[in-house]
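Raw contents of structure-v4.cif, mmCIF, C-alpha atoms:
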data_coords
#
loop_
_atom_site.label_atom_id
_atom_site.label_comp_id
_atom_site.auth_asym_id
_atom_site.auth_seq_id
_atom_site.Cartn_x
_atom_site.Cartn_y
_atom_site.Cartn_z
CA MET A 1 2.20 -11.27 24.20
CA GLU A 2 1.24 -8.72 21.56
CA LEU A 3 1.03 -11.48 18.96
CA PHE A 4 -1.27 -13.45 21.27
CA HIS A 5 -3.64 -10.50 21.61
CA ARG A 6 -3.58 -9.93 17.85
CA VAL A 7 -4.61 -13.52 17.24
CA LYS A 8 -7.42 -13.37 19.80
CA ALA A 9 -8.75 -10.13 18.35
CA ALA A 10 -8.58 -11.42 14.80
CA ILE A 11 -10.43 -14.60 15.68
CA ARG A 12 -13.06 -12.62 17.54
CA MET A 13 -13.52 -10.26 14.59
CA ARG A 14 -13.60 -13.18 12.16
CA HIS A 15 -16.96 -14.26 13.54
CA CYS A 16 -18.54 -10.81 13.64
CA VAL A 17 -21.30 -10.08 11.17
CA VAL A 18 -20.55 -7.23 8.79
CA SER A 19 -23.48 -5.49 7.17
CA ASP A 20 -23.92 -5.82 3.43
CA TYR A 21 -22.34 -3.04 1.45
CA SER A 22 -24.14 -0.78 -0.96
CA ASN A 23 -22.76 2.15 -2.96
CA THR A 24 -25.90 4.12 -2.19
CA ALA A 25 -24.92 4.11 1.49
CA PHE A 26 -22.48 6.89 0.57
CA GLY A 27 -24.89 8.85 -1.61
CA PRO A 28 -25.67 9.07 -5.33
CA GLU A 29 -22.29 10.68 -6.09
CA VAL A 30 -20.36 7.54 -5.13
CA ASP A 31 -22.90 5.36 -6.92
CA LEU A 32 -22.45 7.46 -10.06
CA LEU A 33 -18.67 7.28 -9.71
CA CYS A 34 -18.72 3.47 -9.56
CA HIS A 35 -21.03 3.22 -12.57
CA CYS A 36 -18.88 5.55 -14.66
CA ALA A 37 -15.48 4.04 -13.77
CA ARG A 38 -15.36 1.50 -16.60
CA THR A 39 -14.52 1.35 -20.30
CA GLN A 40 -17.47 -0.76 -21.49
CA LEU A 41 -21.11 0.10 -20.75
CA SER A 42 -24.12 -2.13 -21.12
CA LYS A 43 -27.51 -0.62 -21.89
CA GLN A 44 -28.52 -1.19 -18.27
CA HIS A 45 -25.46 0.68 -16.95
CA ALA A 46 -26.05 3.57 -19.35
CA LYS A 47 -29.67 3.80 -18.19
CA GLN A 48 -28.60 3.81 -14.53
CA ILE A 49 -26.04 6.55 -15.18
CA LYS A 50 -28.62 8.76 -16.88
CA SER A 51 -31.02 8.18 -13.99
CA LEU A 52 -28.39 9.05 -11.39
CA ALA A 53 -27.30 12.17 -13.29
CA LYS A 54 -30.83 13.56 -12.99
CA LYS A 55 -30.66 13.46 -9.18
CA ASP A 56 -29.42 16.27 -6.97
CA ILE A 57 -25.74 15.54 -7.62
CA GLU A 58 -22.95 17.60 -6.11
CA TRP A 59 -20.84 17.60 -9.25
CA SER A 60 -17.83 19.32 -7.72
CA TYR A 61 -17.66 16.43 -5.23
CA VAL A 62 -17.81 13.90 -8.09
CA LEU A 63 -14.88 15.66 -9.77
CA ARG A 64 -12.84 15.73 -6.55
CA MET A 65 -13.53 12.05 -5.86
CA ALA A 66 -12.68 11.07 -9.45
CA LEU A 67 -9.31 12.83 -9.16
CA ALA A 68 -8.60 11.48 -5.66
CA HIS A 69 -9.38 7.90 -6.70
CA ARG A 70 -7.53 8.33 -10.03
CA VAL A 71 -10.52 7.39 -12.18
CA MET A 72 -11.03 10.83 -13.74
CA PRO A 73 -10.33 9.69 -17.35
CA LEU A 74 -12.88 6.88 -17.09
CA VAL A 75 -15.54 9.06 -15.47
CA TYR A 76 -15.11 11.87 -18.01
CA ARG A 77 -15.20 9.47 -20.96
CA THR A 78 -18.40 7.85 -19.70
CA LEU A 79 -20.18 11.08 -18.84
CA SER A 80 -19.25 12.76 -22.13
CA PHE A 81 -20.64 9.84 -24.14
CA THR A 82 -23.65 9.01 -21.97
CA CYS A 83 -25.18 12.20 -20.58
CA PRO A 84 -23.10 15.33 -21.33
CA ASP A 85 -26.18 17.57 -21.10
CA ALA A 86 -26.86 16.45 -17.52
CA VAL A 87 -23.44 17.63 -16.33
CA PRO A 88 -22.97 21.37 -15.65
CA LYS A 89 -20.87 22.93 -18.40
CA THR A 90 -18.25 24.27 -15.99
CA ILE A 91 -17.78 20.82 -14.42
CA LEU A 92 -17.62 19.10 -17.81
CA GLU A 93 -15.05 21.64 -18.96
CA GLN A 94 -12.93 20.97 -15.87
CA PHE A 95 -13.17 17.24 -16.56
CA ARG A 96 -12.08 17.86 -20.15
CA THR A 97 -9.11 19.97 -19.07
CA HIS A 98 -7.93 17.34 -16.58
CA PHE A 99 -8.45 14.58 -19.15
CA TYR A 100 -6.24 16.11 -21.84
CA ALA A 101 -3.63 17.23 -19.31
CA ASN A 102 -3.46 13.66 -18.01
CA ALA A 103 -3.19 12.25 -21.54
CA GLY A 104 -0.31 14.60 -22.38
CA ARG A 105 1.50 13.82 -19.15
CA ASN A 106 1.03 10.07 -19.67
CA LEU A 107 2.62 10.30 -23.11
CA PHE A 108 5.51 12.34 -21.71
CA LEU A 109 6.12 9.86 -18.86
CA THR A 110 5.92 6.94 -21.28
CA LYS A 111 8.72 8.42 -23.38
CA GLU A 112 10.77 8.99 -20.22
CA LEU A 113 10.20 5.37 -19.19
CA ILE A 114 11.51 4.14 -22.54
CA LYS A 115 14.63 6.29 -22.10
CA LEU A 116 15.24 4.87 -18.63
CA LEU A 117 14.79 1.28 -19.79
CA ASP A 118 17.22 1.90 -22.66
CA LEU A 119 19.69 3.43 -20.19
CA LEU A 120 19.49 0.41 -17.88
CA GLU A 121 19.81 -1.99 -20.81
CA SER A 122 22.89 -0.16 -22.08
CA HIS A 123 24.53 -0.84 -18.71
CA GLU A 124 23.44 -4.49 -18.76
CA ILE A 125 20.87 -4.10 -15.99
CA PRO A 126 17.74 -6.16 -16.75
CA ALA A 127 14.58 -4.28 -15.75
CA ILE A 128 10.83 -4.79 -15.78
CA ALA A 129 8.42 -1.85 -16.03
CA TYR A 130 5.04 -2.41 -14.45
CA LYS A 131 2.02 -0.36 -13.36
CA GLY A 132 1.97 3.10 -14.97
CA PRO A 133 2.15 3.09 -18.79
CA THR A 134 2.45 -0.70 -19.16
CA PHE A 135 -0.81 -1.34 -17.28
CA ALA A 136 -2.52 1.47 -19.20
CA VAL A 137 -1.65 -0.22 -22.49
CA SER A 138 -1.99 -3.89 -21.53
CA ILE A 139 -5.18 -3.55 -19.47
CA TYR A 140 -7.03 -0.49 -20.82
CA ARG A 141 -5.64 -0.65 -24.37
CA ASN A 142 -5.45 3.15 -24.20
CA LEU A 143 -2.65 5.20 -22.66
CA ALA A 144 -5.01 8.08 -21.83
CA LEU A 145 -7.51 6.08 -19.75
CA ARG A 146 -5.35 5.50 -16.67
CA GLN A 147 -4.02 8.04 -14.18
CA PHE A 148 -0.47 7.55 -12.90
CA GLY A 149 2.05 9.92 -11.43
CA ASP A 150 5.30 7.94 -11.34
CA LEU A 151 7.20 5.18 -13.10
CA ASP A 152 7.74 1.81 -11.42
CA ILE A 153 10.79 -0.21 -12.43
CA LEU A 154 11.81 -3.55 -10.93
CA VAL A 155 15.42 -4.77 -11.05
CA GLN A 156 17.27 -7.69 -9.50
CA GLU A 157 18.46 -7.21 -5.94
CA ARG A 158 22.07 -7.66 -7.02
CA ASP A 159 21.66 -4.80 -9.55
CA TYR A 160 19.66 -2.53 -7.25
CA ASP A 161 22.50 -0.35 -5.92
CA ARG A 162 24.10 -0.09 -9.35
CA ALA A 163 20.79 0.95 -10.93
CA ARG A 164 20.20 3.57 -8.26
CA HIS A 165 23.67 5.04 -8.71
CA LEU A 166 23.09 5.11 -12.46
CA LEU A 167 19.87 7.09 -12.03
CA THR A 168 21.48 9.54 -9.61
CA SER A 169 24.25 10.09 -12.16
CA GLN A 170 21.54 11.08 -14.65
CA ARG A 171 20.41 14.04 -12.51
CA PHE A 172 17.91 12.10 -10.42
CA ARG A 173 17.98 12.67 -6.68
CA LEU A 174 16.91 10.26 -3.97
CA THR A 175 13.86 11.61 -2.10
CA ILE A 176 12.67 8.63 -0.02
CA GLU A 177 14.32 5.28 0.62
CA HIS A 178 12.34 2.26 1.73
CA GLU A 179 13.41 -1.25 2.54
CA TRP A 180 12.09 -2.53 -0.81
CA GLU A 181 12.32 0.53 -3.10
CA SER A 182 13.81 3.97 -3.63
CA GLU A 183 11.85 7.00 -4.76
CA LEU A 184 13.80 9.30 -7.06
CA THR A 185 12.89 12.57 -8.77
CA ASP A 186 14.65 14.39 -11.59
CA GLU A 187 16.00 17.89 -11.03
CA SER A 188 12.96 19.50 -12.68
CA GLY A 189 10.56 17.62 -10.39
CA THR A 190 8.46 16.38 -13.33
CA VAL A 191 9.58 12.73 -13.45
CA ALA A 192 9.29 10.50 -10.38
CA VAL A 193 10.69 6.98 -10.44
CA ASP A 194 10.07 4.17 -7.96
CA LEU A 195 13.03 1.83 -8.32
CA HIS A 196 12.13 -1.56 -6.81
CA LYS A 197 14.21 -4.48 -5.74
CA ARG A 198 11.02 -6.16 -4.52
CA ILE A 199 7.34 -5.56 -5.23
CA THR A 200 6.43 -5.11 -1.55
CA THR A 201 7.96 -5.21 1.90
CA ARG A 202 9.31 -8.48 3.23
CA GLU A 203 6.42 -8.59 5.70
CA PHE A 204 3.88 -9.02 2.91
CA SER A 205 2.93 -12.54 1.91
CA CYS A 206 2.94 -13.73 -1.72
CA PRO A 207 6.35 -12.27 -2.66
CA LEU A 208 7.07 -11.89 -6.37
CA SER A 209 10.77 -11.81 -7.18
CA PHE A 210 12.39 -10.51 -10.34
CA LYS A 211 13.51 -14.02 -11.21
CA TYR A 212 9.98 -15.39 -10.94
CA LEU A 213 8.38 -12.61 -13.00
CA SER A 214 11.06 -12.62 -15.71
CA ARG A 215 10.22 -16.22 -16.67
CA ARG A 216 6.88 -15.28 -18.21
CA LEU A 217 7.38 -11.80 -19.65
CA GLN A 218 5.37 -10.73 -22.68
CA PRO A 219 6.20 -7.96 -25.15
CA THR A 220 4.29 -4.72 -24.62
CA ARG A 221 4.25 -1.91 -27.17
CA LEU A 222 4.71 1.55 -25.68
CA ALA A 223 4.71 4.57 -28.01
CA GLY A 224 6.00 2.44 -30.88
CA THR A 225 8.65 0.70 -28.76
CA VAL A 226 8.43 -2.89 -27.55
CA VAL A 227 9.33 -3.37 -23.88
CA PRO A 228 9.09 -6.46 -21.64
CA GLY A 229 5.77 -6.58 -19.77
CA LEU A 230 4.08 -8.88 -17.29
CA CYS A 231 1.87 -11.75 -18.35
CA PRO A 232 -1.84 -11.59 -17.35
CA GLU A 233 -1.43 -14.12 -14.52
CA ASP A 234 1.35 -12.12 -12.87
CA THR A 235 -0.54 -8.88 -13.46
CA LEU A 236 -3.47 -10.44 -11.60
CA LEU A 237 -1.22 -11.22 -8.63
CA ILE A 238 0.28 -7.73 -8.50
CA LEU A 239 -3.11 -6.03 -8.79
CA SER A 240 -4.41 -8.19 -5.94
CA ILE A 241 -1.41 -7.28 -3.78
CA GLN A 242 -1.91 -3.58 -4.53
CA LEU A 243 -5.54 -3.84 -3.37
CA THR A 244 -4.68 -5.49 -0.06
CA LYS A 245 -1.62 -3.56 1.12
CA ASP A 246 -3.43 -0.22 1.60
CA ARG A 247 -5.90 0.58 4.36
CA HIS A 248 -8.07 2.64 1.98
CA PRO A 249 -7.85 1.06 -1.51
CA GLN A 250 -8.17 3.46 -4.41
CA LEU A 251 -11.04 2.88 -6.79
CA ALA A 252 -8.53 3.00 -9.66
CA LYS A 253 -6.93 -0.25 -8.46
CA ILE A 254 -10.34 -1.92 -8.42
CA CYS A 255 -10.95 -0.63 -11.95
CA ASP A 256 -7.61 -2.15 -13.01
CA MET A 257 -8.86 -5.52 -11.80
CA ALA A 258 -12.22 -5.08 -13.55
CA GLU A 259 -10.55 -4.25 -16.86
CA LEU A 260 -8.17 -7.19 -16.51
CA LEU A 261 -11.21 -9.44 -16.11
CA ARG A 262 -12.76 -7.93 -19.22
CA VAL A 263 -9.66 -8.06 -21.41
CA HIS A 264 -8.38 -11.45 -20.22
CA GLY A 265 -11.67 -13.17 -19.44
CA ARG A 266 -10.40 -16.40 -21.01
CA LEU A 267 -7.51 -16.64 -18.60
CA ASN A 268 -6.71 -20.12 -17.31
CA TRP A 269 -8.20 -19.40 -13.89
CA VAL A 270 -7.56 -22.87 -12.47
CA LYS A 271 -3.87 -22.54 -13.27
CA ALA A 272 -3.75 -18.93 -12.05
CA LEU A 273 -5.36 -19.76 -8.70
CA LYS A 274 -3.15 -22.82 -8.27
CA GLN A 275 -0.03 -20.74 -8.84
CA ALA A 276 -1.28 -18.10 -6.42
CA LYS A 277 -1.82 -20.81 -3.80
CA ILE A 278 1.74 -22.04 -4.21
CA LEU A 279 2.95 -18.50 -3.54
CA GLY A 280 0.63 -18.15 -0.54
CA GLY A 281 -1.58 -15.60 -2.27
CA GLU A 282 -4.73 -17.46 -3.29
CA ARG A 283 -6.87 -15.70 -0.69
CA ILE A 284 -5.38 -12.35 -1.74
CA VAL A 285 -6.38 -12.98 -5.36
CA LEU A 286 -9.87 -14.14 -4.39
CA PHE A 287 -10.27 -11.07 -2.20
CA GLY A 288 -9.29 -8.72 -5.05
CA LEU A 289 -11.65 -10.39 -7.51
CA CYS A 290 -14.54 -10.49 -5.03
CA LEU A 291 -14.05 -6.84 -4.06
CA THR A 292 -14.14 -5.86 -7.73
CA SER A 293 -17.35 -7.79 -8.26
CA ASN A 294 -18.89 -6.28 -5.13
CA LEU A 295 -18.16 -2.65 -5.98
CA LEU A 296 -18.37 -2.60 -9.77
CA GLY A 297 -20.81 -5.44 -10.39
CA VAL A 298 -18.36 -7.43 -12.53
CA ALA A 299 -19.31 -11.06 -13.15
CA LEU A 300 -16.70 -13.47 -11.80
CA PRO A 301 -15.49 -16.48 -13.80
CA PRO A 302 -17.16 -19.77 -12.74
CA GLU A 303 -13.83 -21.16 -11.50
CA VAL A 304 -13.38 -18.18 -9.17
CA ALA A 305 -16.98 -18.30 -7.92
CA ARG A 306 -16.58 -22.01 -7.20
CA GLU A 307 -13.35 -21.49 -5.27
CA LEU A 308 -14.90 -18.70 -3.19
CA ARG A 309 -17.27 -21.23 -1.64
CA PHE A 310 -14.30 -22.69 0.24
CA HIS A 311 -13.19 -19.27 1.51
CA SER A 312 -16.19 -17.90 3.37
CA SER A 313 -14.03 -15.43 5.34
CA VAL A 314 -13.21 -13.57 2.11
CA HIS A 315 -16.74 -12.16 1.93
CA ASP A 316 -16.42 -10.60 5.39
CA LEU A 317 -13.08 -9.08 4.41
CA VAL A 318 -14.60 -7.72 1.19
CA ASN A 319 -17.44 -6.07 3.08
CA HIS A 320 -14.92 -4.50 5.43
CA ALA A 321 -12.75 -3.21 2.56
CA SER A 322 -15.79 -1.91 0.64
CA HIS A 323 -16.55 0.44 3.52
CA GLN A 324 -12.92 1.54 3.72
CA VAL A 325 -12.72 2.59 0.04
CA PHE A 326 -14.94 5.62 0.52
CA HIS A 327 -14.65 6.16 4.26
CA PRO A 328 -12.69 9.42 4.71
CA SER A 329 -11.34 8.76 8.21
CA ASP A 330 -8.16 6.86 9.02
CA GLU A 331 -9.84 5.44 12.10
CA ALA A 332 -11.56 2.07 11.90
CA LEU A 333 -15.33 2.11 11.80
CA PRO A 334 -17.22 0.61 14.77
CA ASP A 335 -17.23 -3.19 14.70
CA GLN A 336 -14.72 -3.14 11.83
CA LEU A 337 -11.35 -4.81 11.55
CA THR A 338 -8.16 -2.94 12.27
CA ALA A 339 -5.42 -3.00 9.63
CA GLN A 340 -3.46 -5.63 11.60
CA GLN A 341 -6.50 -7.87 12.01
CA PHE A 342 -7.39 -7.47 8.35
CA HIS A 343 -3.96 -8.55 7.14
CA TRP A 344 -3.83 -11.40 9.65
CA LEU A 345 -7.07 -12.87 8.29
CA LEU A 346 -6.04 -12.28 4.70
CA ARG A 347 -2.89 -14.36 5.04
CA GLU A 348 -3.75 -18.02 4.55
CA ARG A 349 -0.56 -19.74 5.75
CA LEU A 350 0.48 -19.69 9.39
CA ARG A 351 4.08 -18.91 8.49
CA ASP A 352 2.92 -15.83 6.56
CA LYS A 353 0.88 -14.72 9.57
CA ILE A 354 3.82 -15.03 11.96
CA TYR A 355 6.58 -13.81 9.63
CA PRO A 356 5.86 -10.05 10.04
CA TYR A 357 6.17 -10.37 13.83
CA TYR A 358 9.37 -12.35 13.41
CA LEU A 359 10.85 -9.59 11.24
CA ARG A 360 9.67 -6.91 13.66
CA TYR A 361 10.75 -8.42 16.96
CA VAL A 362 13.40 -11.08 16.22
CA HIS A 363 15.10 -10.39 12.92
CA SER A 364 15.54 -6.70 13.68
CA VAL A 365 17.39 -7.57 16.91
CA ILE A 366 19.62 -10.39 15.67
CA VAL A 367 20.69 -9.40 12.15
CA PRO A 368 23.50 -6.78 11.99
CA CYS A 369 22.66 -3.43 10.45
CA GLU A 370 24.58 -0.54 8.89
CA ALA A 371 25.17 1.09 12.30
CA ASP A 372 27.10 -2.00 13.44
CA ARG A 373 29.32 -1.84 10.36
CA ARG A 374 29.99 1.87 10.81
CA ILE A 375 31.17 1.38 14.39
CA LEU A 376 33.70 -1.30 13.46
CA PRO A 377 34.44 -1.86 9.75
CA LEU A 378 35.59 -5.43 9.21
CA PRO A 379 36.86 -7.34 6.17
CA GLY A 380 34.38 -9.65 4.48
CA ARG A 381 35.90 -12.80 5.93
CA PHE A 382 35.30 -11.50 9.46
CA SER A 383 31.72 -10.28 8.84
CA PHE A 384 30.38 -13.10 11.05
CA LEU A 385 31.74 -11.19 14.05
CA TYR A 386 28.98 -8.60 13.62
CA TYR A 387 26.55 -11.12 15.12
CA PHE A 388 28.59 -10.87 18.35
CA ILE A 389 29.14 -7.12 18.10
CA ARG A 390 25.46 -6.30 17.63
CA PRO A 391 24.18 -7.59 21.02
CA VAL A 392 27.07 -5.85 22.80
CA ARG A 393 26.27 -2.60 21.00
CA LEU A 394 22.54 -2.84 21.79
CA ILE A 395 23.18 -3.64 25.46
CA GLY A 396 25.62 -0.76 25.69
CA LYS A 397 23.32 1.65 23.89
CA HIS A 398 20.12 0.88 25.80
CA GLY A 399 21.90 0.11 29.09
CA LEU A 400 23.69 3.46 29.09
CA LEU A 401 20.42 5.16 28.19
CA GLN A 402 18.73 3.70 31.25
CA ILE A 403 21.68 4.67 33.47
CA ARG A 404 21.52 8.27 32.21
CA ARG A 405 17.80 8.41 32.86
CA ALA A 406 18.30 7.06 36.37
CA MET A 407 21.00 9.64 37.10
CA ARG A 408 18.86 12.49 35.80
CA ARG A 409 15.83 11.39 37.79
CA PRO A 410 15.41 13.73 40.83
CA ARG A 411 15.88 12.18 44.25
CA ASN A 412 12.91 11.98 46.59
CA HIS A 413 14.18 14.62 49.02
CA ASP A 414 14.91 16.95 46.07
CA LEU A 415 11.49 16.36 44.55
CA TYR A 416 9.49 16.97 47.68
CA GLY A 417 11.79 19.54 49.24
CA HIS A 418 12.59 17.50 52.38
CA ASP A 419 16.04 19.06 52.54
CA LYS A 420 14.53 22.47 53.17
CA LYS A 421 13.53 23.58 56.64
CA THR A 422 9.95 24.66 57.00
CA PRO A 423 9.55 27.79 59.18
CA MET A 424 7.22 27.17 62.08
CA PRO A 425 4.51 29.74 62.81
CA VAL A 426 5.22 31.78 65.90
CA GLY A 427 3.21 33.80 68.34
CA SER A 428 -0.52 34.00 67.95
CA GLU A 429 -0.29 32.63 64.41
CA THR A 430 0.30 29.16 65.83
CA LYS A 431 -3.26 28.98 67.00
CA GLY A 432 -5.31 26.57 64.95
CA VAL A 433 -2.31 25.38 62.97
CA THR A 434 -2.22 21.61 62.63
CA ALA A 435 0.41 19.15 61.47
CA GLU A 436 -1.57 18.66 58.28
CA THR A 437 -1.34 22.37 57.50
CA ILE A 438 2.41 22.30 57.98
CA ARG A 439 2.77 19.31 55.67
CA ASN A 440 0.66 21.05 53.01
CA ASN A 441 2.74 24.20 53.24
CA SER A 442 5.98 22.28 52.96
CA SER A 443 4.75 20.47 49.88
#
Would you mind writing the file's structure down as structure tokens?
Amino acid sequence: MELFHRVKAAIRMRHCVVSDYSNTAFGPEVDLLCHCARTQLSKQHAKQIKSLAKKDIEWSYVLRMALAHRVMPLVYRTLSFTCPDAVPKTILEQFRTHFYANAGRNLFLTKELIKLLDLLESHEIPAIAYKGPTFAVSIYRNLALRQFGDLDILVQERDYDRARHLLTSQRFRLTIEHEWESELTDESGTVAVDLHKRITTREFSCPLSFKYLSRRLQPTRLAGTVVPGLCPEDTLLILSIQLTKDRHPQLAKICDMAELLRVHGRLNWVKALKQAKILGGERIVLFGLCLTSNLLGVALPPEVARELRFHSSVHDLVNHASHQVFHPSDEALPDQLTAQQFHWLLRERLRDKIYPYYLRYVHSVIVPCEADRRILPLPGRFSFLYYFIRPVRLIGKHGLLQIRRAMRRPRNHDLYGHDKKTPMPVGSETKGVTAETIRNNSS
């Protein structure tokens, strides 16, 4: 029933008209932020930045937004080269301090990443580093121009537990465990590692497995060391996924896409879109590219622009997401899509639309979990019996819960006090007393 209502709502919202987006709708600060968040400036962009800087800009807000959206290095670099005199000295100094602190931390984390990759390799655990330092080098060509706070490492599912135990033996502690990754932090709290067995949750369409990504790895040089990195086509897919999985996309992720377009403009887009379609992620890729063009004014390749003509719904989704980037509230704007409706429309295959509900309402009930195994440990050859144990355990658990609730529920005569005798007024006090008064007193 819930799925039915989701479908109806999504279809209804699909036909709603979303107003065109403009950066200026959020004020000149956001417009300035979007113009500065890039590595290459045309003469027109430089002129627009200088014009915006002359306006009544709340510079402290620009700094906060640049840090929150992780585009501080790009914004500082652009402002310092374009119009340093227009920026208050105190603000420019704060930008400079953050910039060099970020550059030093990036170099430190890069060295730590190399150590971790060497550690995994020494224990014969193949690993792929992505995001973080590898994206900074492969996309921006400069380690200092990207903000990142943790290290993302992908391993095969069969090596996942072994890799996690290896990290914990090296004075890392598990802080958060998800279905697709584990977040670990070293004892000093300075190095955070996201160890992945999958890129995203199983509910997300366009899954990218370790086996698939490892077929097309390219060497990436980090601090003088060559490590395996993702090819541009797979980087495009991952960046698109990162843009669509969050309710409020960070501007930094959009900048990653813009720089990928700039650096790898000669990418075989027909082949890339075809491969994305096979994986069920063509609409996700088109959405990411269109959102980047909409917010940062990046020209799309002709092949992408031509394919967008056959996906008219993408433009509505882009307008929705453009508002969400800078909207501070977690609540949906009026006449805007909810997160569930947004992801429903973004998925292009029916099986991808239904699969999250299957996992949530069917798979979670049928497939045995760790609690079933703890109750009755069985040898591997008898593991099939857990499929019979699980329904019995669930019926017992929830059935007993309902029985306890029923037993604790007060009886009617206890609740309303019917077992207590109500004293009747006597003497002259009985005058004017009605049955209704007695009932009110007793209650």
Is there a way to get, as a ChimeraX atom specification, all residues within 12 Å of the point (-8.7, -21.7, -15.6) in file coordinates, counting all atoms listed in the file? /A:233,264-275,301-307
So which one's closest to Val226 of chain A, A:Thr185, A:Ser169, A:Gln156, A:Thr110? Using all atoms listed in the file, please. A:Thr110
So which residues get picked by the PyMOL selection byres ((chain A and resi 219-225) around 12) here, written as a ChimeraX atom specification? /A:106-115,117-118,128-130,132-139,141-143,214,216-218,226-232
Quick check, in Å to one decimal: how far apart do atom CA of Ile254 of chain A and atom CA of Pro28 of chain A lie?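 Going from atom CA of Ile254 of chain A over to atom CA of Pro28 of chain A covers 19.1 Å.
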Just to confirm, what's the straight-line distance from atom CA of His165 of chain A to atom CA of Trp180 of chain A in Å (one decimal)?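 Interatomic distance here is 15.9 Å.
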Please identify all polymer residues within 7 Å of segment 311-318 of chain A, counting all atoms listed in the file, omitting same-chain residues fewer than 3 positions from it, and present them as a PyMOL selection string. chain A and resi 18+287+290-291+308+321-322
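Residue nearest His69 of chain A within the list A:Ser42, A:Gln250, A:Ser383, A:Thr90: A:Gln250 [criterion: smallest interatomic distance, only C-alpha atoms].
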Between atom CA of Leu154 of chain A and atom CA of Tyr100 of chain A, what is the spacing in Å? 28.8 Å
Leaving out segment 122-125 of chain A and any residue of its chain fewer than 6 positions from it, which residues lie within 9 Å of it when counting only C-alpha atoms, given as a compact mmCIF listing (two decimals) with C-alpha atoms, keeping the file's coordinate frame?
# COMPACT_ATOMS: atom_id res chain seq x y z
CA VAL A 155 15.42 -4.77 -11.05
CA GLN A 156 17.27 -7.69 -9.50
CA ASP A 159 21.66 -4.80 -9.55
CA TYR A 160 19.66 -2.53 -7.25
CA ARG A 162 24.10 -0.09 -9.35
CA ALA A 163 20.79 0.95 -10.93
CA LEU A 166 23.09 5.11 -12.46
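The residue that comes closest to Asp186 of chain A, out of A:Ser240, A:Gln44, A:Thr168, A:Thr201 and on the basis of only C-alpha atoms, is A:Thr168.
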Carefully work through the PyMOL selection byres ((chain A and resi 368) around 7) for this structure and note down the residues it includes, as a ChimeraX atom specification. /A:366-367,369,372,386-387,390
Once you count only C-alpha atoms, which residues end up no further than 8 Å from (-10.3, 6.7, -12.5) in the file's frame, shown as a PDB file with C-alpha atoms, keeping the file's coordinate frame?
ATOM      1  CA  ALA A  37     -15.480   4.040 -13.770  1.00  0.00           C
ATOM      2  CA  ALA A  66     -12.680  11.070  -9.450  1.00  0.00           C
ATOM      3  CA  LEU A  67      -9.310  12.830  -9.160  1.00  0.00           C
ATOM      4  CA  HIS A  69      -9.380   7.900  -6.700  1.00  0.00           C
ATOM      5  CA  ARG A  70      -7.530   8.330 -10.030  1.00  0.00           C
ATOM      6  CA  VAL A  71     -10.520   7.390 -12.180  1.00  0.00           C
ATOM      7  CA  MET A  72     -11.030  10.830 -13.740  1.00  0.00           C
ATOM      8  CA  PRO A  73     -10.330   9.690 -17.350  1.00  0.00           C
ATOM      9  CA  LEU A  74     -12.880   6.880 -17.090  1.00  0.00           C
ATOM     10  CA  VAL A  75     -15.540   9.060 -15.470  1.00  0.00           C
ATOM     11  CA  LEU A 145      -7.510   6.080 -19.750  1.00  0.00           C
ATOM     12  CA  ARG A 146      -5.350   5.500 -16.670  1.00  0.00           C
ATOM     13  CA  GLN A 147      -4.020   8.040 -14.180  1.00  0.00           C
ATOM     14  CA  LEU A 251     -11.040   2.880  -6.790  1.00  0.00           C
ATOM     15  CA  ALA A 252      -8.530   3.000  -9.660  1.00  0.00           C
ATOM     16  CA  CYS A 255     -10.950  -0.630 -11.950  1.00  0.00           C
TER      17      CYS A 255
END
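When only C-alpha atoms are used to measure the gap to His323 of chain A, the shortest distance among A:Leu116, A:Leu295, A:Val365, A:Leu92 belongs to A:Leu295.
When all atoms listed in the file are used to compute distances to Phe210 of chain A, the closest of the residues A:Ala68, A:Ile153, A:Thr78, A:Leu378 turns out to be A:Ile153.
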Counting all atoms listed in the file, the option among A:Leu239, A:Leu213, A:Ala144, A:Leu32 closest to Met65 of chain A: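 Using all atoms listed in the file, Met65 of chain A sits closest to A:Leu32.
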Near segment 80-83 of chain A, counting all atoms listed in the file, which residues have an atom at most 12 Å away, once you skip same-chain residues fewer than 3 positions from it, shown as a ChimeraX atom specification? /A:32,35-36,39-54,72-77,86-89,91-93,95-96,99
Specify as a PyMOL selection string each residue included when the PyMOL selection byres ((chain A and resi 29) around 8) is applied to this file. chain A and resi 26-28+30-33+57-59+61-62
